Amino acid sequence: MNQHGAPLVTIGRLDRPIMEANLTNALRVEDEVMSEFGTTYSHESWRSSHFLADRPGKWDLSVGAFFDRELGGFLIASLDGADTHCHRLAIDRRLRRGEVGSRLLEAVVPLAIAARSSRITPSVRANNERAQRLFQRVGYEFMNGSELEGYASRTGRQREGQAILTSGYEYRMMCKHLRHAARAGF
């Protein structure tokens with residue numbers, strides 16, 4: 001515990017061997033978040049196959065939050081063309097007030113820069129204002145106009161107003177342009 005009584009959390013890379021060793025905790029956190037937030041979090045619940053799926057750059061770009069030697073949160077990312085795409089961000093309820101989400105989002109920035117990504121692109125459920133505010137606090141903006149249209153076209157998704165549709169659910173695309181982040185000293 002730190003001086004404020006919150007669990008002491010370390011942020012580290014989440015490569016395949018670490019994920020395999022912590023898969024039970026990843027599934028527990030995923031189930032907890034899905035149970036609490038439902039489709040406001042995501043339209044689908046991840047299972048073992050999702051967490052262990054190999055994607056380009058995934059094991060170099062994903063990060064985890066660890067406390068008492070167990071995985072208590074994760075940000076799963078991979079390369080998607082010139083982007084680093086955030087597939088999943090979930091945090092154990094015991095850690096949510098400790099800036100763990102912000103720390104995970106900040107930890108992926110130098111990894112994405114090292115991978116030569118031009119931006120980081122999470123998709124956030126259109127009705128998940130809490131998650132949208134978290135991303136905005138650490139410098140993410142909503143994709144709009146031609147940027148959103150280009151993303152929808154490149155990924156084969158349908159655009160619905162300021163959102164894209166995935167399996168019939170509206171998601172807002174957000175991004176953090178890394179050329180700006182790199183100049184700002186992140």
# chains A, B, ... in the order shown; residues from 1 in each chain; ligands from 1
$ select_by_dssp --residues "chain A" --states "alpha helix (DSSP H)" --output "VMD selection string"
chain A and resid 16 to 21 23 to 37 48 to 52 58 to 61 100 to 114 129 to 137 145 to 155 178 to 183
$ residues_around --residues "range 144-161 of chain A" --least-positions-apart "5" --cutoff "8 Å" --atoms "only C-alpha atoms" --output "PyMOL selection string"
chain A and resi 166+170+173
$ write_last_selection --atoms "N, CA, C and O atoms" --output "tab-separated table (two decimals), in the first residue's frame"
chain	number	residue	atom	x	y	z
A	166	THR	N	-19.65	-1.39	-35.10
A	166	THR	CA	-18.98	-2.68	-34.98
A	166	THR	C	-20.01	-3.65	-34.42
A	166	THR	O	-20.52	-3.45	-33.32
A	170	GLU	N	-22.41	1.24	-31.69
A	170	GLU	CA	-21.71	2.48	-32.01
A	170	GLU	C	-20.47	2.65	-31.13
A	170	GLU	O	-20.55	2.53	-29.91
A	173	MET	N	-14.32	6.71	-32.30
A	173	MET	CA	-12.90	6.53	-32.51
A	173	MET	C	-12.19	7.75	-31.93
A	173	MET	O	-12.60	8.88	-32.14
$ closest_residue --among "A:Cys175, A:Ile11, A:Ala65, A:Ala21" --to "Arg94 in chain A" --atoms "only C-alpha atoms"
A:Ala65
$ atom_distance --atom1 "CA of Tyr171 in chain A" --atom2 "CA of Ser62 in chain A"
21.2 Å
$ closest_residue --among "A:Arg55, A:Arg172, A:Gly12, A:Ile18" --to "Arg103 in chain A" --atoms "only C-alpha atoms"
A:Gly12
$ select_by_dssp --residues "range 19-167 of chain A" --states "strand (DSSP E)" --output "JSON, numbers by chain"
{"A": [63, 64, 65, 66, 67, 70, 71, 72, 73, 74, 75, 76, 77, 78, 79, 80, 83, 84, 85, 86, 87, 88, 89, 90, 91, 119, 120, 121, 122, 123, 124, 125, 141, 142, 158, 159, 160, 163, 164, 165, 166]}
$ closest_residue --among "A:Ala131, A:Leu79, A:Leu178, A:Leu95" --to "Pro110 in chain A" --atoms "only C-alpha atoms"
A:Leu178
$ residues_around --residues "His43 in chain A" --least-positions-apart "6" --cutoff "12 Å" --atoms "only C-alpha atoms" --output "JSON, numbers by chain"
{"A": [34, 37, 88, 123, 124, 125, 126, 127, 128, 165, 166, 167, 168, 169, 170, 171]}
$ closest_residue --among "A:Glu32, A:Ala90, A:Trp59, A:Ala26" --to "Arg47 in chain A" --atoms "only C-alpha atoms"
A:Ala26
$ atom_distance --atom1 "CA of Arg97 in chain A" --atom2 "CA of Thr39 in chain A"
21.8 Å
$ atom_distance --atom1 "CA of Phe67 in chain A" --atom2 "CA of Val9 in chain A"
4.8 Å
$ residues_around --residues "Asp60 in chain A" --least-positions-apart "5" --cutoff "8 Å" --atoms "only C-alpha atoms" --output "list in words"
Arg13, Leu14, Asp15 and Leu111 of chain A
$ write_last_selection --atoms "all heavy atoms" --output "PDB file, in the first residue's frame"
ATOM      1  N   ARG A  13       5.467  -4.169 -19.237  1.00  0.00           N
ATOM      2  CA  ARG A  13       5.109  -4.802 -20.507  1.00  0.00           C
ATOM      3  C   ARG A  13       4.312  -6.070 -20.244  1.00  0.00           C
ATOM      4  O   ARG A  13       4.515  -6.761 -19.255  1.00  0.00           O
ATOM      5  CB  ARG A  13       6.363  -5.146 -21.301  1.00  0.00           C
ATOM      6  CG  ARG A  13       7.136  -3.941 -21.803  1.00  0.00           C
ATOM      7  CD  ARG A  13       6.747  -3.487 -23.191  1.00  0.00           C
ATOM      8  NE  ARG A  13       6.965  -4.473 -24.204  1.00  0.00           N
ATOM      9  CZ  ARG A  13       8.124  -4.703 -24.807  1.00  0.00           C
ATOM     10  NH1 ARG A  13       9.187  -4.001 -24.497  1.00  0.00           N
ATOM     11  NH2 ARG A  13       8.222  -5.626 -25.722  1.00  0.00           N
ATOM     12  N   LEU A  14       3.436  -6.358 -21.166  1.00  0.00           N
ATOM     13  CA  LEU A  14       2.589  -7.533 -21.068  1.00  0.00           C
ATOM     14  C   LEU A  14       2.861  -8.393 -22.302  1.00  0.00           C
ATOM     15  O   LEU A  14       2.103  -8.392 -23.264  1.00  0.00           O
ATOM     16  CB  LEU A  14       1.118  -7.096 -21.000  1.00  0.00           C
ATOM     17  CG  LEU A  14       0.082  -8.081 -20.522  1.00  0.00           C
ATOM     18  CD1 LEU A  14       0.468  -8.699 -19.174  1.00  0.00           C
ATOM     19  CD2 LEU A  14      -1.270  -7.399 -20.389  1.00  0.00           C
ATOM     20  N   ASP A  15       3.989  -9.106 -22.254  1.00  0.00           N
ATOM     21  CA  ASP A  15       4.331  -9.958 -23.387  1.00  0.00           C
ATOM     22  C   ASP A  15       3.618 -11.308 -23.252  1.00  0.00           C
ATOM     23  O   ASP A  15       2.891 -11.545 -22.285  1.00  0.00           O
ATOM     24  CB  ASP A  15       5.852 -10.111 -23.525  1.00  0.00           C
ATOM     25  CG  ASP A  15       6.512 -10.761 -22.315  1.00  0.00           C
ATOM     26  OD1 ASP A  15       5.819 -11.400 -21.491  1.00  0.00           O
ATOM     27  OD2 ASP A  15       7.737 -10.628 -22.185  1.00  0.00           O
ATOM     28  N   LEU A 111       6.130   3.107 -26.345  1.00  0.00           N
ATOM     29  CA  LEU A 111       6.171   1.848 -27.083  1.00  0.00           C
ATOM     30  C   LEU A 111       5.653   2.056 -28.506  1.00  0.00           C
ATOM     31  O   LEU A 111       6.218   1.523 -29.469  1.00  0.00           O
ATOM     32  CB  LEU A 111       5.337   0.782 -26.365  1.00  0.00           C
ATOM     33  CG  LEU A 111       5.745   0.467 -24.918  1.00  0.00           C
ATOM     34  CD1 LEU A 111       4.780  -0.517 -24.286  1.00  0.00           C
ATOM     35  CD2 LEU A 111       7.179  -0.047 -24.861  1.00  0.00           C
TER      36      LEU A 111
END
$ residues_around --residues "Leu134 in chain A" --least-positions-apart "4" --cutoff "12 Å" --atoms "only C-alpha atoms" --output "list of chain:residue names"
A:Leu89, A:Arg96, A:Arg97, A:Glu99, A:Val100, A:Gly101, A:Ser102, A:Arg103, A:Leu104, A:Leu105, A:Glu106, A:Pro122, A:Val124, A:Asn128, A:Glu129, A:Arg130, A:Val138, A:Gly139, A:Tyr140, A:Glu141, A:Met174
$ decode --residues "range 40-78 of chain A" --atoms "N, CA and C atoms" --output "CSV table (one decimal), in the first residue's frame"
chain,number,residue,atom,x,y,z
A,40,THR,N,-21.8,-1.1,-22.3
A,40,THR,CA,-21.2,0.2,-22.2
A,40,THR,C,-19.7,0.1,-22.3
A,41,TYR,N,-19.2,-1.0,-21.9
A,41,TYR,CA,-17.7,-1.3,-22.0
A,41,TYR,C,-17.4,-1.9,-23.4
A,42,SER,N,-18.1,-2.9,-23.8
A,42,SER,CA,-17.9,-3.6,-25.1
A,42,SER,C,-19.0,-4.4,-25.5
A,43,HIS,N,-19.1,-4.6,-26.8
A,43,HIS,CA,-20.2,-5.5,-27.3
A,43,HIS,C,-19.9,-7.0,-27.1
A,44,GLU,N,-18.6,-7.3,-26.8
A,44,GLU,CA,-18.2,-8.7,-26.7
A,44,GLU,C,-17.3,-8.9,-25.5
A,45,SER,N,-17.4,-10.0,-24.8
A,45,SER,CA,-16.6,-10.3,-23.7
A,45,SER,C,-15.4,-11.1,-24.3
A,46,TRP,N,-14.2,-10.7,-23.9
A,46,TRP,CA,-13.0,-11.5,-24.3
A,46,TRP,C,-12.8,-12.7,-23.5
A,47,ARG,N,-12.4,-13.8,-24.2
A,47,ARG,CA,-12.0,-15.1,-23.6
A,47,ARG,C,-10.5,-15.3,-23.8
A,48,SER,N,-10.1,-16.4,-23.4
A,48,SER,CA,-8.6,-16.8,-23.5
A,48,SER,C,-8.1,-16.6,-24.9
A,49,SER,N,-8.8,-17.0,-25.9
A,49,SER,CA,-8.4,-16.9,-27.3
A,49,SER,C,-8.1,-15.4,-27.7
A,50,HIS,N,-8.9,-14.5,-27.2
A,50,HIS,CA,-8.7,-13.1,-27.5
A,50,HIS,C,-7.4,-12.6,-26.9
A,51,PHE,N,-7.2,-12.9,-25.6
A,51,PHE,CA,-6.0,-12.5,-24.9
A,51,PHE,C,-4.7,-13.1,-25.5
A,52,LEU,N,-4.8,-14.3,-25.9
A,52,LEU,CA,-3.6,-15.0,-26.4
A,52,LEU,C,-3.4,-14.9,-27.9
A,53,ALA,N,-4.3,-14.3,-28.6
A,53,ALA,CA,-4.2,-14.2,-30.1
A,53,ALA,C,-3.0,-13.4,-30.5
A,54,ASP,N,-2.2,-13.9,-31.4
A,54,ASP,CA,-1.1,-13.1,-31.9
A,54,ASP,C,-1.6,-12.1,-33.0
A,55,ARG,N,-1.1,-10.9,-32.8
A,55,ARG,CA,-1.4,-9.8,-33.7
A,55,ARG,C,-0.1,-9.0,-33.9
A,56,PRO,N,0.0,-8.3,-35.0
A,56,PRO,CA,1.3,-7.6,-35.3
A,56,PRO,C,1.6,-6.6,-34.1
A,57,GLY,N,2.8,-6.8,-33.5
A,57,GLY,CA,3.3,-5.9,-32.5
A,57,GLY,C,2.6,-6.0,-31.1
A,58,LYS,N,1.7,-6.9,-31.0
A,58,LYS,CA,0.9,-7.0,-29.8
A,58,LYS,C,1.8,-7.2,-28.5
A,59,TRP,N,2.7,-8.1,-28.6
A,59,TRP,CA,3.5,-8.4,-27.4
A,59,TRP,C,4.6,-7.3,-27.1
A,60,ASP,N,4.8,-6.4,-28.0
A,60,ASP,CA,5.7,-5.2,-27.8
A,60,ASP,C,4.9,-4.0,-27.3
A,61,LEU,N,3.6,-4.0,-27.6
A,61,LEU,CA,2.8,-2.7,-27.3
A,61,LEU,C,1.8,-2.8,-26.1
A,62,SER,N,1.6,-4.0,-25.7
A,62,SER,CA,0.6,-4.2,-24.6
A,62,SER,C,1.3,-4.0,-23.2
A,63,VAL,N,0.5,-3.5,-22.3
A,63,VAL,CA,1.0,-3.2,-20.9
A,63,VAL,C,0.0,-3.6,-19.9
A,64,GLY,N,0.6,-3.9,-18.7
A,64,GLY,CA,-0.3,-4.4,-17.6
A,64,GLY,C,0.0,-3.6,-16.3
A,65,ALA,N,-1.0,-3.6,-15.4
A,65,ALA,CA,-0.8,-3.0,-14.1
A,65,ALA,C,-0.8,-4.1,-13.1
A,66,PHE,N,0.3,-4.2,-12.3
A,66,PHE,CA,0.5,-5.3,-11.4
A,66,PHE,C,0.5,-4.8,-9.9
A,67,PHE,N,-0.2,-5.5,-9.1
A,67,PHE,CA,-0.2,-5.2,-7.6
A,67,PHE,C,-0.2,-6.6,-6.9
A,68,ASP,N,0.5,-6.6,-5.8
A,68,ASP,CA,0.7,-7.9,-5.1
A,68,ASP,C,1.0,-9.0,-6.0
A,69,ARG,N,1.8,-8.8,-7.0
A,69,ARG,CA,2.3,-9.8,-8.0
A,69,ARG,C,1.1,-10.4,-8.8
A,70,GLU,N,0.0,-9.7,-8.9
A,70,GLU,CA,-1.0,-10.1,-9.8
A,70,GLU,C,-1.4,-9.0,-10.8
A,71,LEU,N,-1.9,-9.5,-11.9
A,71,LEU,CA,-2.4,-8.5,-13.0
A,71,LEU,C,-3.7,-7.9,-12.5
A,72,GLY,N,-3.7,-6.6,-12.4
A,72,GLY,CA,-4.9,-5.9,-12.0
A,72,GLY,C,-5.5,-5.0,-13.0
A,73,GLY,N,-4.9,-4.9,-14.2
A,73,GLY,CA,-5.4,-4.1,-15.3
A,73,GLY,C,-4.5,-4.3,-16.5
A,74,PHE,N,-5.1,-3.9,-17.6
A,74,PHE,CA,-4.3,-4.2,-18.9
A,74,PHE,C,-4.8,-3.2,-20.0
A,75,LEU,N,-3.8,-3.0,-20.9
A,75,LEU,CA,-4.1,-2.3,-22.1
A,75,LEU,C,-3.5,-3.2,-23.2
A,76,ILE,N,-4.4,-3.7,-24.0
A,76,ILE,CA,-4.0,-4.6,-25.1
A,76,ILE,C,-4.0,-3.8,-26.4
A,77,ALA,N,-2.8,-3.8,-27.0
A,77,ALA,CA,-2.7,-3.0,-28.3
A,77,ALA,C,-1.9,-3.8,-29.3
A,78,SER,N,-2.0,-3.4,-30.6
A,78,SER,CA,-1.3,-4.0,-31.6
A,78,SER,C,-1.2,-3.0,-32.8
